[in-house]
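As structure tokens, the structure follows; a few thoughts come after it.
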Amino acid sequence: MFVFVLIYLVAIFTLGWWILPETLPYAPRPFRVNQVVRTYGKLIVNPQVIGSASYNWISYLGAVVSLSLFPFLMQHELGLTAAEYGTIMIIPSAGLMMGSVSLNILNRFFSNSWILFLAIVISALSGIWLLATEMTVFNLLLHLPC
């Protein structure tokens, strides 16, 4: 499997580097490490970038932890088959989509810091729910979209 991924990445790199034409409207500039470090330094202290990135960090961390544990928990601990697991995982996917839409709506009415606080509270409540309740398919599915 990993060999096919490697072949795919090499093919895409080859296509992009040697076959596709350059589309910059100006002459390419030389790569300068100092300029890149300075630009990233400006981004690190920019509150808008930190706010947006924090939303992604929190949701990404929750998704990675949940999705890496879910197959084990649902198939081995709860006895679901792979087909049942695949069918059930449609529900959290819909929850993630609704969360993205909700975030776009909330951004109109609340500040970034308030939405970030809300995300942390929802994630914490989700974890407390998992610790305080019995491990069932319902409780695991309730946790993931949060």
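Lettering and numbering for the structure tokens are positional, with chains as A, B, ... in the shown order, residues counted from 1 in each chain, and ligands counted from 1 in the shown order.
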Using only C-alpha atoms, find each residue in region 57-84 of chain A having at least one atom no more than 9 Å away from region 132-136 of chain A; report its shortest atom-to-atom pair and that distance in Å (one decimal), rows by chain then rising number, as JSON lines.
{"residue": "A:Leu73", "atom": "CA", "partner": "A:Met135", "partner_atom": "CA", "distance": 8.8}
{"residue": "A:Met74", "atom": "CA", "partner": "A:Thr136", "partner_atom": "CA", "distance": 8.5}
{"residue": "A:Glu77", "atom": "CA", "partner": "A:Met135", "partner_atom": "CA", "distance": 8.8}
{"residue": "A:Leu78", "atom": "CA", "partner": "A:Thr136", "partner_atom": "CA", "distance": 7.3}
Inset, instruction - Check chain A with DSSP on the backbone and list each residue it calls helix (DSSP H, G or I), as a ChimeraX atom specification. - result: /A:2-19,33-44,47-77,82-88,90-109,112-132,137-143
Inset, instruction - Tell me, as a list of chain:residue names, which residues lie within 12 Å of Tyr85 (chain A), counting only C-alpha atoms; anything in the same chain fewer than 6 positions away does not count. - result: A:Leu67, A:Phe70, A:Pro71, A:Phe72, A:Leu73, A:Met74, A:Gln75, A:His76, A:Leu78, A:Gly79, A:Ile91, A:Pro92, A:Val137, A:Leu140, A:Leu141
Generate the output file for the selected residues, all heavy atoms, as a CSV table (one decimal), in the first residue's frame.
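Wrote it out as selection29.csv, contents follow:
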chain,number,residue,atom,x,y,z
A,67,LEU,N,-10.6,9.0,15.5
A,67,LEU,CA,-10.5,8.1,14.3
A,67,LEU,C,-9.5,7.1,14.5
A,67,LEU,O,-9.6,6.0,13.9
A,67,LEU,CB,-10.4,8.9,13.0
A,67,LEU,CG,-11.5,9.8,12.7
A,67,LEU,CD1,-11.2,10.7,11.4
A,67,LEU,CD2,-12.8,9.0,12.4
A,70,PHE,N,-11.4,4.7,17.2
A,70,PHE,CA,-12.7,4.2,16.9
A,70,PHE,C,-12.7,2.8,16.3
A,70,PHE,O,-13.5,2.0,16.7
A,70,PHE,CB,-13.4,5.1,16.0
A,70,PHE,CG,-14.4,6.0,16.7
A,70,PHE,CD1,-14.2,6.4,18.0
A,70,PHE,CD2,-15.6,6.4,16.1
A,70,PHE,CE1,-15.0,7.2,18.7
A,70,PHE,CE2,-16.5,7.2,16.8
A,70,PHE,CZ,-16.2,7.6,18.1
A,71,PRO,N,-11.9,2.5,15.3
A,71,PRO,CA,-12.0,1.1,14.8
A,71,PRO,C,-11.7,0.0,15.9
A,71,PRO,O,-12.4,-1.0,15.9
A,71,PRO,CB,-10.8,1.0,13.7
A,71,PRO,CG,-10.7,2.5,13.3
A,71,PRO,CD,-10.9,3.3,14.6
A,72,PHE,N,-10.8,0.3,16.7
A,72,PHE,CA,-10.5,-0.7,17.8
A,72,PHE,C,-11.7,-0.7,18.8
A,72,PHE,O,-12.1,-1.8,19.1
A,72,PHE,CB,-9.2,-0.2,18.6
A,72,PHE,CG,-9.0,-1.1,19.8
A,72,PHE,CD1,-8.5,-2.4,19.7
A,72,PHE,CD2,-9.3,-0.6,21.1
A,72,PHE,CE1,-8.3,-3.1,20.8
A,72,PHE,CE2,-9.1,-1.3,22.2
A,72,PHE,CZ,-8.6,-2.6,22.1
A,73,LEU,N,-12.2,0.4,19.2
A,73,LEU,CA,-13.2,0.4,20.2
A,73,LEU,C,-14.5,-0.2,19.6
A,73,LEU,O,-15.2,-1.0,20.3
A,73,LEU,CB,-13.5,1.8,20.7
A,73,LEU,CG,-12.5,2.5,21.5
A,73,LEU,CD1,-12.8,3.9,21.8
A,73,LEU,CD2,-12.2,1.7,22.8
A,74,MET,N,-14.9,0.1,18.4
A,74,MET,CA,-16.1,-0.3,17.9
A,74,MET,C,-16.1,-1.8,17.4
A,74,MET,O,-17.0,-2.5,17.5
A,74,MET,CB,-16.7,0.6,16.8
A,74,MET,CG,-17.1,1.9,17.4
A,74,MET,SD,-18.0,2.8,16.1
A,74,MET,CE,-18.9,3.9,17.1
A,75,GLN,N,-15.0,-2.1,16.8
A,75,GLN,CA,-14.9,-3.5,16.2
A,75,GLN,C,-14.5,-4.5,17.3
A,75,GLN,O,-15.1,-5.6,17.3
A,75,GLN,CB,-14.0,-3.5,15.0
A,75,GLN,CG,-14.6,-2.8,13.8
A,75,GLN,CD,-13.6,-2.7,12.6
A,75,GLN,OE1,-12.5,-3.0,12.8
A,75,GLN,NE2,-14.2,-2.4,11.5
A,76,HIS,N,-13.5,-4.2,18.1
A,76,HIS,CA,-13.0,-5.2,19.0
A,76,HIS,C,-13.7,-5.2,20.3
A,76,HIS,O,-14.1,-6.2,20.9
A,76,HIS,CB,-11.5,-5.0,19.2
A,76,HIS,CG,-10.7,-5.2,18.0
A,76,HIS,ND1,-10.5,-6.4,17.5
A,76,HIS,CD2,-10.1,-4.3,17.2
A,76,HIS,CE1,-9.7,-6.3,16.4
A,76,HIS,NE2,-9.5,-5.1,16.2
A,78,LEU,N,-16.8,-3.5,21.0
A,78,LEU,CA,-18.2,-3.6,20.9
A,78,LEU,C,-18.7,-4.7,19.9
A,78,LEU,O,-19.9,-4.9,19.8
A,78,LEU,CB,-18.8,-2.3,20.5
A,78,LEU,CG,-18.6,-1.1,21.5
A,78,LEU,CD1,-19.1,0.2,21.0
A,78,LEU,CD2,-19.2,-1.5,22.8
A,79,GLY,N,-17.8,-5.3,19.2
A,79,GLY,CA,-18.1,-6.4,18.3
A,79,GLY,C,-18.8,-6.1,17.0
A,79,GLY,O,-19.4,-6.9,16.4
A,91,ILE,N,-22.6,8.8,10.3
A,91,ILE,CA,-23.2,9.8,11.2
A,91,ILE,C,-22.2,10.8,11.7
A,91,ILE,O,-22.5,12.0,11.6
A,91,ILE,CB,-23.8,9.0,12.4
A,91,ILE,CG1,-24.9,8.1,11.9
A,91,ILE,CG2,-24.3,10.0,13.5
A,91,ILE,CD1,-25.4,7.1,12.9
A,92,PRO,N,-21.0,10.5,12.2
A,92,PRO,CA,-20.0,11.5,12.5
A,92,PRO,C,-19.6,12.4,11.4
A,92,PRO,O,-19.3,13.6,11.6
A,92,PRO,CB,-18.9,10.7,13.1
A,92,PRO,CG,-19.4,9.4,13.5
A,92,PRO,CD,-20.5,9.1,12.6
A,137,VAL,N,-22.2,2.2,21.4
A,137,VAL,CA,-22.1,2.8,20.1
A,137,VAL,C,-22.6,4.2,20.1
A,137,VAL,O,-22.1,5.2,19.6
A,137,VAL,CB,-22.8,2.0,19.0
A,137,VAL,CG1,-22.8,2.7,17.7
A,137,VAL,CG2,-22.1,0.6,18.9
A,140,LEU,N,-20.2,6.7,21.9
A,140,LEU,CA,-19.0,6.9,21.1
A,140,LEU,C,-19.4,7.8,19.9
A,140,LEU,O,-18.6,8.7,19.6
A,140,LEU,CB,-18.4,5.6,20.6
A,140,LEU,CG,-17.7,4.8,21.6
A,140,LEU,CD1,-17.3,3.5,21.0
A,140,LEU,CD2,-16.5,5.5,22.2
A,141,LEU,N,-20.5,7.6,19.3
A,141,LEU,CA,-21.0,8.5,18.2
A,141,LEU,C,-21.3,9.9,18.6
A,141,LEU,O,-21.1,10.8,17.9
A,141,LEU,CB,-22.1,7.9,17.4
A,141,LEU,CG,-21.8,6.6,16.6
A,141,LEU,CD1,-23.1,6.1,16.0
A,141,LEU,CD2,-20.8,7.0,15.5
Give me the residues of region 4-101 of chain A that have any atom at most 10 Å from an atom of region 116-131 of chain A; for each, the nearest atom pair and the distance in Å, rounded to one decimal. Use only C-alpha atoms, sort by chain and number, and format it as CSV.
residue,atom,partner,partner_atom,distance
A:Gly51,CA,A:Leu116,CA,7.4
A:Ser52,CA,A:Leu116,CA,9.0
A:Ser54,CA,A:Leu116,CA,7.3
A:Tyr55,CA,A:Leu116,CA,6.5
A:Ile58,CA,A:Ile120,CA,7.6
A:Ser59,CA,A:Ala119,CA,8.3
A:Gly62,CA,A:Ser123,CA,7.7
Go ahead and dump the residues you just picked, C-alpha atoms, as a CSV table (one decimal), in the first residue's frame.
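Output saved as part20.csv:
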chain,number,residue,atom,x,y,z
A,51,GLY,CA,-7.4,32.1,16.0
A,52,SER,CA,-8.1,30.3,12.7
A,54,SER,CA,-6.5,27.1,16.8
A,55,TYR,CA,-9.9,26.0,15.5
A,58,ILE,CA,-8.5,21.5,18.2
A,59,SER,CA,-10.7,19.8,15.7
A,62,GLY,CA,-10.0,15.5,18.3
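Of note, CA of Leu96 (chain A) and CA of Ala63 (chain A) are spaced 9.5 Å apart.
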